[in-house]
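Note: the block below is data26.tsv and it holds TSV, C-alpha atoms and all ligand atoms.
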chain	number	residue	atom	x	y	z
A	5	MET	CA	0.00	0.00	0.00
A	6	THR	CA	1.33	3.45	-0.88
A	7	THR	CA	1.47	6.05	1.85
A	8	THR	CA	1.04	9.75	1.13
A	9	VAL	CA	1.73	12.65	3.45
A	10	ILE	CA	-0.20	15.89	2.93
A	11	THR	CA	1.97	18.58	4.52
A	12	ASN	CA	1.76	22.32	5.08
A	13	ILE	CA	-1.95	22.25	6.01
A	14	GLY	CA	-2.73	25.70	7.44
A	15	SER	CA	-5.62	24.43	9.51
A	16	LEU	CA	-6.93	20.86	9.80
A	17	VAL	CA	-10.41	19.84	11.01
A	18	THR	CA	-10.21	16.26	12.30
A	19	ASN	CA	-13.57	16.13	14.17
A	20	ASP	CA	-11.64	14.17	16.80
A	21	PRO	CA	-11.33	16.14	20.06
A	22	ASP	CA	-8.40	13.91	21.10
A	23	LEU	CA	-6.34	15.11	18.14
A	24	GLY	CA	-6.75	18.88	18.45
A	25	ASP	CA	-8.70	21.80	19.87
A	26	GLY	CA	-12.41	21.80	20.64
A	27	PRO	CA	-15.13	19.58	19.19
A	28	LEU	CA	-13.60	19.99	15.71
A	29	GLY	CA	-10.22	18.68	16.89
A	30	LEU	CA	-8.56	21.60	15.09
A	31	VAL	CA	-4.82	21.40	14.38
A	32	ALA	CA	-2.82	24.36	13.03
A	33	ASP	CA	0.24	23.77	10.78
A	34	ALA	CA	-0.83	20.18	10.35
A	35	ALA	CA	-0.13	17.10	8.27
A	36	LEU	CA	-2.15	14.03	7.35
A	37	VAL	CA	-0.80	10.63	6.36
A	38	LEU	CA	-2.92	8.44	4.06
A	39	ASP	CA	-2.34	4.71	3.78
A	40	GLY	CA	-4.31	3.38	0.81
A	41	ASP	CA	-7.92	4.45	1.30
A	42	ARG	CA	-7.53	5.23	5.02
A	43	ILE	CA	-6.14	7.94	7.29
A	44	ALA	CA	-3.05	6.56	9.04
A	45	TRP	CA	-1.99	9.62	11.02
A	46	ALA	CA	-3.12	13.23	11.73
A	47	GLY	CA	-1.40	15.90	13.79
A	48	PRO	CA	1.13	18.77	13.83
A	49	ALA	CA	3.30	18.74	10.69
A	50	ALA	CA	6.47	18.74	12.78
A	51	GLY	CA	5.65	15.24	14.08
A	52	ALA	CA	4.51	13.64	10.83
A	53	PRO	CA	5.99	10.23	9.99
A	54	ALA	CA	7.68	9.69	6.62
A	55	ALA	CA	5.62	8.50	3.64
A	56	ASP	CA	6.20	7.27	0.08
A	57	THR	CA	4.96	10.49	-1.52
A	58	ALA	CA	4.35	14.04	-0.30
A	59	VAL	CA	1.73	16.60	-1.30
A	60	ASP	CA	2.13	20.27	-0.29
A	61	ALA	CA	-1.21	21.80	0.75
A	62	GLY	CA	0.32	25.28	0.45
A	63	GLY	CA	-1.18	26.50	3.74
A	64	ARG	CA	-4.73	25.67	2.69
A	65	ALA	CA	-7.33	24.43	5.19
A	66	VAL	CA	-8.34	20.76	5.06
A	67	VAL	CA	-11.74	19.51	6.21
A	68	PRO	CA	-13.38	16.07	6.14
A	69	GLY	CA	-15.30	15.47	2.90
A	70	PHE	CA	-18.92	16.53	3.30
A	71	VAL	CA	-21.48	13.84	4.11
A	72	ASP	CA	-24.70	14.78	2.31
A	73	SER	CA	-27.15	12.49	4.09
A	74	HIS	CA	-30.29	13.63	2.22
A	75	SER	CA	-30.78	14.02	-1.53
A	76	HIS	CA	-33.26	12.98	-4.22
A	77	LEU	CA	-31.09	12.53	-7.30
A	78	VAL	CA	-32.86	9.88	-9.37
A	79	PHE	CA	-35.13	12.12	-11.40
A	80	ALA	CA	-35.64	13.61	-14.85
A	81	GLY	CA	-36.69	17.08	-15.94
A	82	ASP	CA	-36.67	20.21	-13.84
A	83	ARG	CA	-39.26	22.53	-12.28
A	84	THR	CA	-38.10	25.97	-13.37
A	85	ALA	CA	-41.68	27.12	-13.97
A	86	GLU	CA	-42.73	26.10	-10.46
A	87	PHE	CA	-39.74	27.93	-8.94
A	88	ASN	CA	-40.57	31.01	-10.97
A	89	ALA	CA	-44.18	30.90	-9.76
A	90	ARG	CA	-43.01	30.59	-6.15
A	91	MET	CA	-40.72	33.58	-6.53
A	92	SER	CA	-43.80	35.47	-7.72
A	93	GLY	CA	-45.62	34.58	-4.50
A	94	ARG	CA	-47.09	31.08	-4.97
A	95	ALA	CA	-46.63	28.70	-1.97
A	96	TYR	CA	-44.69	25.41	-2.17
A	97	GLU	CA	-46.93	22.33	-2.22
A	98	ALA	CA	-46.07	18.63	-2.06
A	99	GLY	CA	-48.18	18.17	-5.22
A	100	GLY	CA	-45.37	19.59	-7.39
A	101	ILE	CA	-43.69	16.20	-6.95
A	102	ARG	CA	-46.16	14.85	-9.57
A	103	THR	CA	-44.46	16.87	-12.30
A	104	THR	CA	-41.17	15.10	-11.60
A	105	VAL	CA	-42.89	11.72	-11.32
A	106	ALA	CA	-44.24	12.11	-14.87
A	107	ALA	CA	-40.83	13.13	-16.28
A	108	THR	CA	-39.02	10.37	-14.38
A	109	ARG	CA	-41.37	7.63	-15.54
A	110	ALA	CA	-40.90	8.80	-19.14
A	111	ALA	CA	-37.08	8.73	-18.94
A	112	THR	CA	-34.88	5.79	-19.93
A	113	ASP	CA	-32.56	4.11	-17.42
A	114	ALA	CA	-29.60	5.67	-19.23
A	115	GLU	CA	-31.08	9.15	-18.98
A	116	LEU	CA	-31.76	8.76	-15.27
A	117	GLU	CA	-28.26	7.46	-14.61
A	118	ALA	CA	-26.61	10.21	-16.65
A	119	ASN	CA	-28.56	12.84	-14.71
A	120	LEU	CA	-27.58	11.23	-11.40
A	121	VAL	CA	-23.91	11.12	-12.37
A	122	ARG	CA	-23.97	14.77	-13.52
A	123	HIS	CA	-25.27	15.86	-10.11
A	124	LEU	CA	-22.83	13.60	-8.26
A	125	ARG	CA	-19.88	15.10	-10.08
A	126	GLU	CA	-21.23	18.56	-9.36
A	127	ALA	CA	-21.48	17.69	-5.65
A	128	LEU	CA	-18.03	16.07	-5.58
A	129	ARG	CA	-16.43	19.23	-7.00
A	130	GLN	CA	-17.98	21.06	-4.06
A	131	GLY	CA	-16.50	18.67	-1.50
A	132	THR	CA	-19.19	15.99	-1.05
A	133	THR	CA	-17.55	12.57	-0.69
A	134	THR	CA	-20.54	10.59	0.63
A	135	PHE	CA	-24.14	11.02	-0.39
A	136	GLU	CA	-27.41	9.33	0.40
A	137	THR	CA	-30.10	9.32	-2.29
A	138	LYS	CA	-33.68	8.15	-2.61
A	139	SER	CA	-36.31	6.83	-4.92
A	140	GLY	CA	-39.68	8.59	-4.75
A	141	TYR	CA	-40.27	9.87	-8.27
A	142	GLY	CA	-41.40	6.53	-9.73
A	143	LEU	CA	-44.25	5.44	-7.45
A	144	THR	CA	-44.87	2.17	-9.31
A	145	VAL	CA	-43.22	-1.14	-8.39
A	146	GLU	CA	-41.03	-1.08	-11.52
A	147	ASP	CA	-40.16	2.63	-11.41
A	148	GLU	CA	-39.23	2.63	-7.72
A	149	ALA	CA	-37.13	-0.53	-8.06
A	150	ARG	CA	-35.24	0.81	-11.08
A	151	ALA	CA	-34.53	4.12	-9.30
A	152	LEU	CA	-32.97	2.21	-6.41
A	153	ARG	CA	-30.99	-0.07	-8.74
A	154	ILE	CA	-29.55	2.95	-10.51
A	155	ALA	CA	-28.75	4.69	-7.21
A	156	ALA	CA	-27.15	1.56	-5.72
A	157	ALA	CA	-24.59	1.50	-8.54
A	158	HIS	CA	-23.23	4.82	-7.21
A	159	THR	CA	-23.69	4.83	-3.42
A	160	ASP	CA	-24.19	2.46	-0.48
A	161	GLU	CA	-26.64	4.88	1.10
A	162	VAL	CA	-29.84	4.15	-0.82
A	163	THR	CA	-33.30	4.94	0.54
A	164	TYR	CA	-36.64	3.50	-0.55
A	165	LEU	CA	-39.14	6.41	-0.63
A	166	GLY	CA	-42.11	4.81	-2.35
A	167	ALA	CA	-44.10	6.81	0.23
A	168	HIS	CA	-43.15	10.22	-1.17
A	169	ILE	CA	-46.74	11.05	-2.16
A	170	VAL	CA	-49.69	8.82	-3.00
A	171	SER	CA	-49.18	7.75	-6.61
A	172	PRO	CA	-51.37	9.71	-9.04
A	173	ASP	CA	-52.58	6.30	-10.29
A	174	LEU	CA	-54.21	5.63	-6.90
A	175	ALA	CA	-55.03	9.19	-5.88
A	176	ASP	CA	-58.58	8.14	-4.94
A	177	ASP	CA	-57.46	5.18	-2.85
A	178	PRO	CA	-54.55	6.06	-0.55
A	179	ALA	CA	-55.07	2.89	1.51
A	180	ALA	CA	-54.47	0.79	-1.61
A	181	TYR	CA	-51.28	2.73	-2.27
A	182	VAL	CA	-50.05	2.10	1.29
A	183	ASP	CA	-50.74	-1.61	0.69
A	184	LEU	CA	-48.67	-1.45	-2.49
A	185	VAL	CA	-45.81	0.38	-0.74
A	186	THR	CA	-45.75	-2.13	2.12
A	187	GLY	CA	-46.35	-5.16	-0.14
A	188	PRO	CA	-45.15	-5.77	-3.71
A	189	MET	CA	-43.21	-2.52	-3.95
A	190	LEU	CA	-41.32	-3.24	-0.74
A	191	ASP	CA	-40.55	-6.76	-2.02
A	192	ALA	CA	-39.08	-5.33	-5.22
A	193	CYS	CA	-37.21	-2.47	-3.52
A	194	ALA	CA	-35.82	-3.92	-0.28
A	195	PRO	CA	-32.93	-5.79	-1.97
A	196	HIS	CA	-31.56	-2.51	-3.39
A	197	ALA	CA	-31.87	-0.24	-0.34
A	198	ARG	CA	-30.45	0.26	3.15
A	199	TRP	CA	-33.09	2.73	4.36
A	200	ILE	CA	-36.84	3.35	4.20
A	201	ASP	CA	-38.30	6.87	4.32
A	202	VAL	CA	-41.79	8.42	4.37
A	203	PHE	CA	-42.89	11.99	3.66
A	204	CYS	CA	-45.04	12.43	6.79
A	205	GLU	CA	-46.99	15.59	5.99
A	206	LYS	CA	-50.43	16.92	5.15
A	207	GLY	CA	-50.99	16.09	1.49
A	208	ALA	CA	-48.60	13.11	1.70
A	209	PHE	CA	-48.84	10.47	4.51
A	210	ASP	CA	-50.30	10.85	8.02
A	211	GLY	CA	-48.79	9.44	11.20
A	212	ASP	CA	-50.65	6.12	11.09
A	213	GLN	CA	-49.77	5.51	7.45
A	214	ALA	CA	-46.15	6.47	8.09
A	215	ARG	CA	-45.94	4.11	11.08
A	216	ALA	CA	-47.35	1.22	9.01
A	217	ILE	CA	-44.89	1.86	6.16
A	218	LEU	CA	-41.80	2.26	8.33
A	219	THR	CA	-42.71	-0.78	10.44
A	220	ALA	CA	-43.12	-2.90	7.31
A	221	GLY	CA	-39.73	-1.69	6.09
A	222	LYS	CA	-38.09	-2.49	9.41
A	223	ALA	CA	-39.49	-6.03	9.24
A	224	ARG	CA	-37.67	-6.37	5.90
A	225	GLY	CA	-34.36	-5.17	7.35
A	226	LEU	CA	-34.55	-1.57	6.16
A	227	HIS	CA	-33.76	1.10	8.71
A	228	PRO	CA	-36.08	4.14	8.98
A	229	ARG	CA	-35.50	7.84	8.31
A	230	VAL	CA	-38.39	10.28	8.03
A	231	HIS	CA	-39.28	13.49	6.16
A	232	ALA	CA	-40.77	15.12	9.24
A	233	ASN	CA	-42.36	18.44	10.20
A	234	GLN	CA	-41.26	20.20	7.00
A	235	LEU	CA	-44.34	22.18	5.98
A	236	SER	CA	-46.36	22.05	9.21
A	237	TYR	CA	-46.46	20.69	12.76
A	238	GLY	CA	-47.23	16.98	12.89
A	239	PRO	CA	-46.38	13.55	14.25
A	240	GLY	CA	-43.30	12.84	12.06
A	241	VAL	CA	-40.52	13.75	14.48
A	242	ARG	CA	-42.01	11.87	17.43
A	243	LEU	CA	-42.67	8.85	15.21
A	244	ALA	CA	-39.06	8.94	14.01
A	245	VAL	CA	-37.77	8.85	17.58
A	246	GLU	CA	-40.29	6.16	18.57
A	247	LEU	CA	-39.09	3.89	15.74
A	248	ASP	CA	-35.41	4.71	16.37
A	249	ALA	CA	-35.04	6.28	12.93
A	250	ALA	CA	-31.48	7.31	12.14
A	251	SER	CA	-32.70	10.77	11.21
A	252	ALA	CA	-35.72	13.08	11.21
A	253	ASP	CA	-35.24	15.36	8.23
A	254	HIS	CA	-36.34	19.00	7.82
A	255	CYS	CA	-37.54	19.61	11.43
A	256	THR	CA	-38.80	23.05	10.45
A	257	HIS	CA	-41.96	23.13	12.61
A	258	LEU	CA	-41.19	21.75	16.07
A	259	THR	CA	-43.09	21.83	19.35
A	260	ASP	CA	-41.25	21.61	22.66
A	261	ALA	CA	-42.37	17.95	22.85
A	262	ASP	CA	-40.70	17.30	19.47
A	263	VAL	CA	-37.44	18.86	20.66
A	264	ASP	CA	-37.59	16.90	23.94
A	265	ALA	CA	-38.18	13.66	21.99
A	266	LEU	CA	-35.14	14.31	19.77
A	267	ALA	CA	-33.01	15.19	22.81
A	268	SER	CA	-33.95	11.95	24.58
A	269	GLY	CA	-33.52	9.55	21.63
A	270	ASN	CA	-30.87	8.47	19.11
A	271	THR	CA	-32.45	10.19	16.11
A	272	VAL	CA	-30.39	12.93	14.44
A	273	ALA	CA	-32.19	16.12	13.32
A	274	THR	CA	-31.13	16.74	9.71
A	275	LEU	CA	-31.69	20.34	8.68
A	276	LEU	CA	-32.04	21.19	4.98
A	277	PRO	CA	-31.81	24.97	4.57
A	278	GLY	CA	-31.77	24.74	0.78
A	279	ALA	CA	-35.47	23.85	1.02
A	280	GLU	CA	-36.35	26.91	3.11
A	281	PHE	CA	-34.25	29.06	0.79
A	282	SER	CA	-35.98	27.78	-2.35
A	283	THR	CA	-39.49	27.83	-0.92
A	284	ARG	CA	-39.12	31.15	0.94
A	285	ALA	CA	-40.16	29.41	4.15
A	286	ALA	CA	-39.14	30.17	7.74
A	287	TRP	CA	-35.77	28.67	8.75
A	288	PRO	CA	-35.49	25.66	11.06
A	289	ASP	CA	-34.14	26.73	14.46
A	290	ALA	CA	-30.82	24.96	14.74
A	291	ARG	CA	-29.87	26.92	17.87
A	292	ARG	CA	-32.90	25.62	19.76
A	293	LEU	CA	-32.01	22.02	18.85
A	294	LEU	CA	-28.32	22.39	19.69
A	295	ASP	CA	-29.08	24.07	23.02
A	296	ALA	CA	-31.39	21.14	23.85
A	297	GLY	CA	-28.52	18.69	23.18
A	298	VAL	CA	-29.86	17.30	19.89
A	299	THR	CA	-27.36	15.99	17.31
A	300	VAL	CA	-27.82	18.12	14.16
A	301	ALA	CA	-26.83	17.23	10.59
A	302	LEU	CA	-26.85	19.63	7.64
A	303	SER	CA	-27.58	18.40	4.12
A	304	THR	CA	-28.74	19.70	0.74
A	305	ASP	CA	-32.04	17.85	0.06
A	306	CYS	CA	-30.95	18.27	-3.57
A	307	ASN	CA	-34.07	17.72	-5.71
A	308	PRO	CA	-35.63	19.52	-8.66
A	309	GLY	CA	-38.58	20.90	-6.63
A	310	SER	CA	-37.96	22.24	-3.15
A	311	SER	CA	-34.15	22.57	-3.09
A	312	TYR	CA	-32.21	22.40	-6.33
A	313	THR	CA	-28.73	22.86	-4.90
A	314	SER	CA	-25.99	20.24	-4.57
A	315	SER	CA	-23.80	22.62	-2.57
A	316	VAL	CA	-23.06	21.76	1.05
A	317	PRO	CA	-20.93	24.95	1.41
A	318	PHE	CA	-24.03	26.97	0.44
A	319	CYS	CA	-26.05	25.16	3.14
A	320	ILE	CA	-23.30	25.84	5.70
A	321	ALA	CA	-23.44	29.55	4.88
A	322	LEU	CA	-27.25	29.63	5.21
A	323	ALA	CA	-27.15	27.73	8.52
A	324	VAL	CA	-24.63	30.18	9.97
A	325	ARG	CA	-26.37	33.30	8.68
A	326	ASP	CA	-29.98	32.35	9.38
A	327	MET	CA	-30.26	29.34	11.68
A	328	GLY	CA	-28.13	30.37	14.64
A	329	MET	CA	-25.23	28.00	14.06
A	330	THR	CA	-21.60	28.96	14.57
A	331	PRO	CA	-19.24	28.21	11.65
A	332	ASP	CA	-17.71	25.40	13.74
A	333	GLU	CA	-21.11	23.84	14.46
A	334	ALA	CA	-22.19	24.05	10.83
A	335	LEU	CA	-18.98	22.40	9.60
A	336	TRP	CA	-19.35	19.61	12.18
A	337	SER	CA	-23.00	19.05	11.19
A	338	ALA	CA	-22.13	18.83	7.49
A	339	THR	CA	-19.43	16.21	8.14
A	340	ALA	CA	-19.64	14.27	11.44
A	341	GLY	CA	-23.35	15.13	11.76
A	342	GLY	CA	-24.10	13.67	8.33
A	343	ALA	CA	-22.14	10.55	9.27
A	344	ALA	CA	-24.24	10.23	12.46
A	345	ALA	CA	-27.43	10.60	10.38
A	346	LEU	CA	-26.22	7.61	8.33
A	347	ARG	CA	-25.04	5.75	11.44
A	348	ARG	CA	-21.51	5.62	10.04
A	349	THR	CA	-18.29	5.94	12.03
A	350	ASP	CA	-15.84	5.49	9.14
A	351	ILE	CA	-16.55	8.87	7.51
A	352	GLY	CA	-17.01	12.50	8.59
A	353	ARG	CA	-13.70	12.68	10.48
A	354	LEU	CA	-10.00	12.69	9.68
A	355	ALA	CA	-8.54	10.42	12.32
A	356	PRO	CA	-6.56	7.17	12.07
A	357	GLY	CA	-8.73	4.39	10.62
A	358	ALA	CA	-11.27	6.70	8.98
A	359	ARG	CA	-11.74	6.68	5.20
A	360	ALA	CA	-9.44	9.23	3.57
A	361	ASP	CA	-12.17	11.58	2.33
A	362	LEU	CA	-11.17	15.23	2.45
A	363	ALA	CA	-11.49	18.64	0.85
A	364	LEU	CA	-8.76	21.26	0.49
A	365	LEU	CA	-10.05	24.83	0.73
A	366	ASP	CA	-8.53	27.85	-0.92
A	367	ALA	CA	-8.73	29.54	2.48
A	368	PRO	CA	-6.79	29.59	5.75
A	369	SER	CA	-9.66	28.09	7.73
A	370	HIS	CA	-13.02	26.31	7.45
A	371	VAL	CA	-14.70	29.47	8.78
A	372	HIS	CA	-14.35	30.92	5.28
A	373	LEU	CA	-17.07	28.51	4.07
A	374	ALA	CA	-19.60	30.78	5.83
A	375	TYR	CA	-17.57	33.99	5.74
A	376	ARG	CA	-17.18	33.88	1.93
A	377	PRO	CA	-20.58	32.56	0.78
A	378	GLY	CA	-20.95	31.61	-2.85
A	379	VAL	CA	-17.20	31.53	-3.47
A	380	PRO	CA	-15.90	28.20	-4.87
A	381	LEU	CA	-13.37	27.56	-2.08
A	382	VAL	CA	-13.10	23.78	-2.56
A	383	THR	CA	-10.02	23.39	-4.74
A	384	GLU	CA	-9.19	19.71	-4.36
A	385	VAL	CA	-11.14	16.65	-3.19
A	386	TRP	CA	-9.80	13.23	-2.16
A	387	ARG	CA	-12.10	10.25	-1.80
A	388	ALA	CA	-10.95	6.92	-0.31
A	389	GLY	CA	-7.34	8.07	-0.56
A	390	THR	CA	-7.49	9.07	-4.23
A	391	ARG	CA	-7.65	12.52	-5.77
A	392	ALA	CA	-11.24	12.66	-7.11
A	393	ALA	CA	-11.72	16.31	-8.08
A	401	LIG	O1	-37.50	16.89	0.79
A	401	LIG	N1	-40.49	16.88	1.18
A	401	LIG	C1	-40.61	16.05	0.32
A	401	LIG	N2	-39.76	15.82	-0.65
A	401	LIG	C2	-38.81	16.75	-1.13
A	401	LIG	C3	-39.36	17.62	-2.18
A	401	LIG	C4	-39.50	16.92	-3.41
A	401	LIG	C5	-40.01	17.76	-4.52
A	401	LIG	O2	-40.55	18.87	-4.35
A	401	LIG	O3	-39.83	17.23	-5.64
A	401	LIG	C6	-38.17	17.52	-0.01
A	401	LIG	O4	-38.30	18.75	0.10
A	402	FE	FE	-36.22	15.47	0.88
Would you give me this structure, written as structure tokens?
Ligand code: NIG
Ligand code: FE
Amino acid sequence: MTTTVITNIGSLVTNDPDLGDGPLGLVADAALVLDGDRIAWAGPAAGAPAADTAVDAGGRAVVPGFVDSHSHLVFAGDRTAEFNARMSGRAYEAGGIRTTVAATRAATDAELEANLVRHLREALRQGTTTFETKSGYGLTVEDEARALRIAAAHTDEVTYLGAHIVSPDLADDPAAYVDLVTGPMLDACAPHARWIDVFCEKGAFDGDQARAILTAGKARGLHPRVHANQLSYGPGVRLAVELDAASADHCTHLTDADVDALASGNTVATLLPGAEFSTRAAWPDARRLLDAGVTVALSTDCNPGSSYTSSVPFCIALAVRDMGMTPDEALWSATAGGAAALRRTDIGRLAPGARADLALLDAPSHVHLAYRPGVPLVTEVWRAGTRAA
């Protein structure tokens, strides 16, 4: 195995408090040693062991690769007209999903895969080294299963979201659609997925339907995550905690009981500020969650309707400006927080044994991700020990 030392790192975020200062485990004037696809050593450059090859970071900051734990990237078409209407005052509605369902069903496998790969490359260039993605724009047995098959060729973090909305084919009979989602569709989809998700919301699935769907998924070995409390107050967050979901996503409308439930359980609150940005909705209150002791992740929700951004740095900047997070908290949530939302310990940190996923920033510190919003600061990305962008 070849070892590589990355030297002259101006500021290194390890996310390991034993390796450096504070929760980010920050090390100034640092070095990293990579052994194959893993981190072998991290610390002050002066103490770095020798390696086969050396890379000079030129004083740039190095952060763990971003872990985008929530995206919807198997789709076709876009929803420019809907976005335009919203920016003229129209409200966001879950029903817009139907537009993408029609375009996705009409697309070939090759078109769907090419679109997925285009967005993955876009995300990688912006520092994302792990991403989760979902079905949810097929809503038939065949279309959901093919979405998951296509996704599974590009990531281990695949989520079955047959319960995105009730299929337009069964709009008059939601109970029959829930039976499909928990029956033949689950049979066809479970082999391709790790997770099961439900959009628990008015206009999508209520608490009882969501419980039935997630419980059926669990019985098939899928682990739950939930689109919860995005557009209104509701039962999603408490259901997520009750079922030990890895993550409750959105968390925009929370009662004190919802916050208490998150603080007492193992469910991460994944905040998706791209959705509030693109729907002109009120921001989720990250400060309230952090002060209550909740683990918070930050992700893009990249999809053609509510949040068409693949940029984690953009989400970090929004979270710092508008959601009460410090730059350190936002960086942690977009890396270690995303890993926690996927129940992974091998990513989201730069410590010995972790996968060598990292981004070099054209900046002296990670704080610039929020301080210099919109500036393409990610200049180099390594994934599993290899230069990937
Ligand atoms: O996470 N909330 C439900 N699903 C997506 C939106 C999907 C769409 O509008 O196409 C979301 O925001
Ligand atoms: Fe989503």
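Distance-wise, atom CA of A:Pro331 and atom CA of A:Asp260 end up 25.5 Å apart.
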What's around stretch 14-23 of chain A at 7 Å? Count all atoms listed in the file, leave out sequence neighbours fewer than 3 positions away in its own chain, and write the answer as a list in words. Gly26, Pro27, Leu28, Gly29, Leu30, Val31, Ala32, Asp33, Ala34, Gly47, Gly63, Arg64, Ala65, Val66, Val67, Pro68, Ala340, Arg353, Leu354, Ala355, Pro368 and Ser369 of chain A
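Of the residues listed (A:Arg42, A:Arg90, A:Arg229, A:Arg125), A:Arg229 shows the shortest atom-to-atom separation from ligand FE 402 (chain A); distances use all atoms listed in the file.
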Write out as JSON lines a residue-level contact list of chain A versus ligand LIG 401 (chain A) with cut-off 9 Å: for each qualifying residue the closest pair of atoms and the distance in Å to one decimal, counting only C-alpha atoms and all ligand atoms, rows sorted by chain and residue number upward.
{"residue": "A:His74", "atom": "CA", "partner": "A:LIG401", "partner_atom": "O1", "distance": 8.0}
{"residue": "A:Ser75", "atom": "CA", "partner": "A:LIG401", "partner_atom": "O1", "distance": 7.7}
{"residue": "A:His76", "atom": "CA", "partner": "A:LIG401", "partner_atom": "C2", "distance": 7.4}
{"residue": "A:Arg83", "atom": "CA", "partner": "A:LIG401", "partner_atom": "O3", "distance": 8.5}
{"residue": "A:Tyr96", "atom": "CA", "partner": "A:LIG401", "partner_atom": "O2", "distance": 8.0}
{"residue": "A:Glu97", "atom": "CA", "partner": "A:LIG401", "partner_atom": "O2", "distance": 7.6}
{"residue": "A:Ala98", "atom": "CA", "partner": "A:LIG401", "partner_atom": "O2", "distance": 6.0}
{"residue": "A:Gly99", "atom": "CA", "partner": "A:LIG401", "partner_atom": "O2", "distance": 7.7}
{"residue": "A:Gly100", "atom": "CA", "partner": "A:LIG401", "partner_atom": "O2", "distance": 5.7}
{"residue": "A:Ile101", "atom": "CA", "partner": "A:LIG401", "partner_atom": "O3", "distance": 4.2}
{"residue": "A:Arg102", "atom": "CA", "partner": "A:LIG401", "partner_atom": "O3", "distance": 7.8}
{"residue": "A:Thr103", "atom": "CA", "partner": "A:LIG401", "partner_atom": "O3", "distance": 8.1}
{"residue": "A:Thr104", "atom": "CA", "partner": "A:LIG401", "partner_atom": "O3", "distance": 6.5}
{"residue": "A:Val105", "atom": "CA", "partner": "A:LIG401", "partner_atom": "O3", "distance": 8.5}
{"residue": "A:Gly140", "atom": "CA", "partner": "A:LIG401", "partner_atom": "N2", "distance": 8.3}
{"residue": "A:Tyr141", "atom": "CA", "partner": "A:LIG401", "partner_atom": "O3", "distance": 7.8}
{"residue": "A:His168", "atom": "CA", "partner": "A:LIG401", "partner_atom": "C1", "distance": 6.5}
{"residue": "A:Ile169", "atom": "CA", "partner": "A:LIG401", "partner_atom": "C1", "distance": 8.3}
{"residue": "A:Val202", "atom": "CA", "partner": "A:LIG401", "partner_atom": "C1", "distance": 8.7}
{"residue": "A:Phe203", "atom": "CA", "partner": "A:LIG401", "partner_atom": "C1", "distance": 5.7}
{"residue": "A:Cys204", "atom": "CA", "partner": "A:LIG401", "partner_atom": "N1", "distance": 8.5}
{"residue": "A:Glu205", "atom": "CA", "partner": "A:LIG401", "partner_atom": "N1", "distance": 8.2}
{"residue": "A:Ala208", "atom": "CA", "partner": "A:LIG401", "partner_atom": "C1", "distance": 8.6}
{"residue": "A:His231", "atom": "CA", "partner": "A:LIG401", "partner_atom": "N1", "distance": 6.1}
{"residue": "A:Ala232", "atom": "CA", "partner": "A:LIG401", "partner_atom": "N1", "distance": 8.3}
{"residue": "A:Gln234", "atom": "CA", "partner": "A:LIG401", "partner_atom": "N1", "distance": 6.7}
{"residue": "A:Leu235", "atom": "CA", "partner": "A:LIG401", "partner_atom": "N1", "distance": 8.1}
{"residue": "A:Asp253", "atom": "CA", "partner": "A:LIG401", "partner_atom": "O1", "distance": 7.9}
{"residue": "A:His254", "atom": "CA", "partner": "A:LIG401", "partner_atom": "O1", "distance": 7.4}
{"residue": "A:Leu276", "atom": "CA", "partner": "A:LIG401", "partner_atom": "O1", "distance": 8.1}
{"residue": "A:Gly278", "atom": "CA", "partner": "A:LIG401", "partner_atom": "O4", "distance": 8.9}
{"residue": "A:Ala279", "atom": "CA", "partner": "A:LIG401", "partner_atom": "O4", "distance": 5.9}
{"residue": "A:Glu280", "atom": "CA", "partner": "A:LIG401", "partner_atom": "O4", "distance": 8.9}
{"residue": "A:Asp305", "atom": "CA", "partner": "A:LIG401", "partner_atom": "O1", "distance": 5.6}
{"residue": "A:Cys306", "atom": "CA", "partner": "A:LIG401", "partner_atom": "O1", "distance": 8.0}
{"residue": "A:Asn307", "atom": "CA", "partner": "A:LIG401", "partner_atom": "O3", "distance": 5.8}
{"residue": "A:Pro308", "atom": "CA", "partner": "A:LIG401", "partner_atom": "O3", "distance": 5.7}
{"residue": "A:Gly309", "atom": "CA", "partner": "A:LIG401", "partner_atom": "O2", "distance": 3.6}
{"residue": "A:Ser310", "atom": "CA", "partner": "A:LIG401", "partner_atom": "O2", "distance": 4.4}
{"residue": "A:Ser311", "atom": "CA", "partner": "A:LIG401", "partner_atom": "O4", "distance": 6.5}
Contacts of A:Ala338 at 8 Å (all atoms listed in the file; same-chain gap of 3+ positions) as a PyMOL selection string: chain A and resi 70-72+301-303+316+320+334-335+341-342
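The interatomic distance for the pair atom CA of A:Trp336 and atom CA of A:Gly357 works out to 18.6 Å.
Pairwise distance (atom CA of A:Arg109, atom CA of A:Thr163) equals 18.2 Å.
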Axis-aligned box over every listed atom of stretch 354-370 of chain A, padded by 5 Å per side: centre and edges in Å to one decimal, as JSON?
{"center_x": -9.8, "center_y": 17.0, "center_z": 5.7, "size_x": 16.5, "size_y": 35.2, "size_z": 23.2}
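The smallest atom-to-atom distance between ligand FE 402 (chain A) and any of A:Leu165, A:Ala111, A:Ala155, A:Leu247, using only C-alpha atoms and all ligand atoms, is found for A:Leu165.
Using only C-alpha atoms, the shortest contact distance between A:Ala344 and any of A:Ala250, A:Leu128, A:Ala216, A:Ile154 is found at A:Ala250.
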So that I can see what lies close to A:Tyr375, please list as number ranges by chain the residues with an atom at most 10 Å from it, counting only C-alpha atoms and leaving out residues fewer than 4 positions away in the same chain. A: 320-321, 324-325, 331, 370-371, 379
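Minimum atom-to-atom distance to ligand FE 402 (chain A), evaluated using only C-alpha atoms and all ligand atoms, belongs to A:Asp201 out of A:Asp41, A:Glu126, A:Glu161, A:Asp201.
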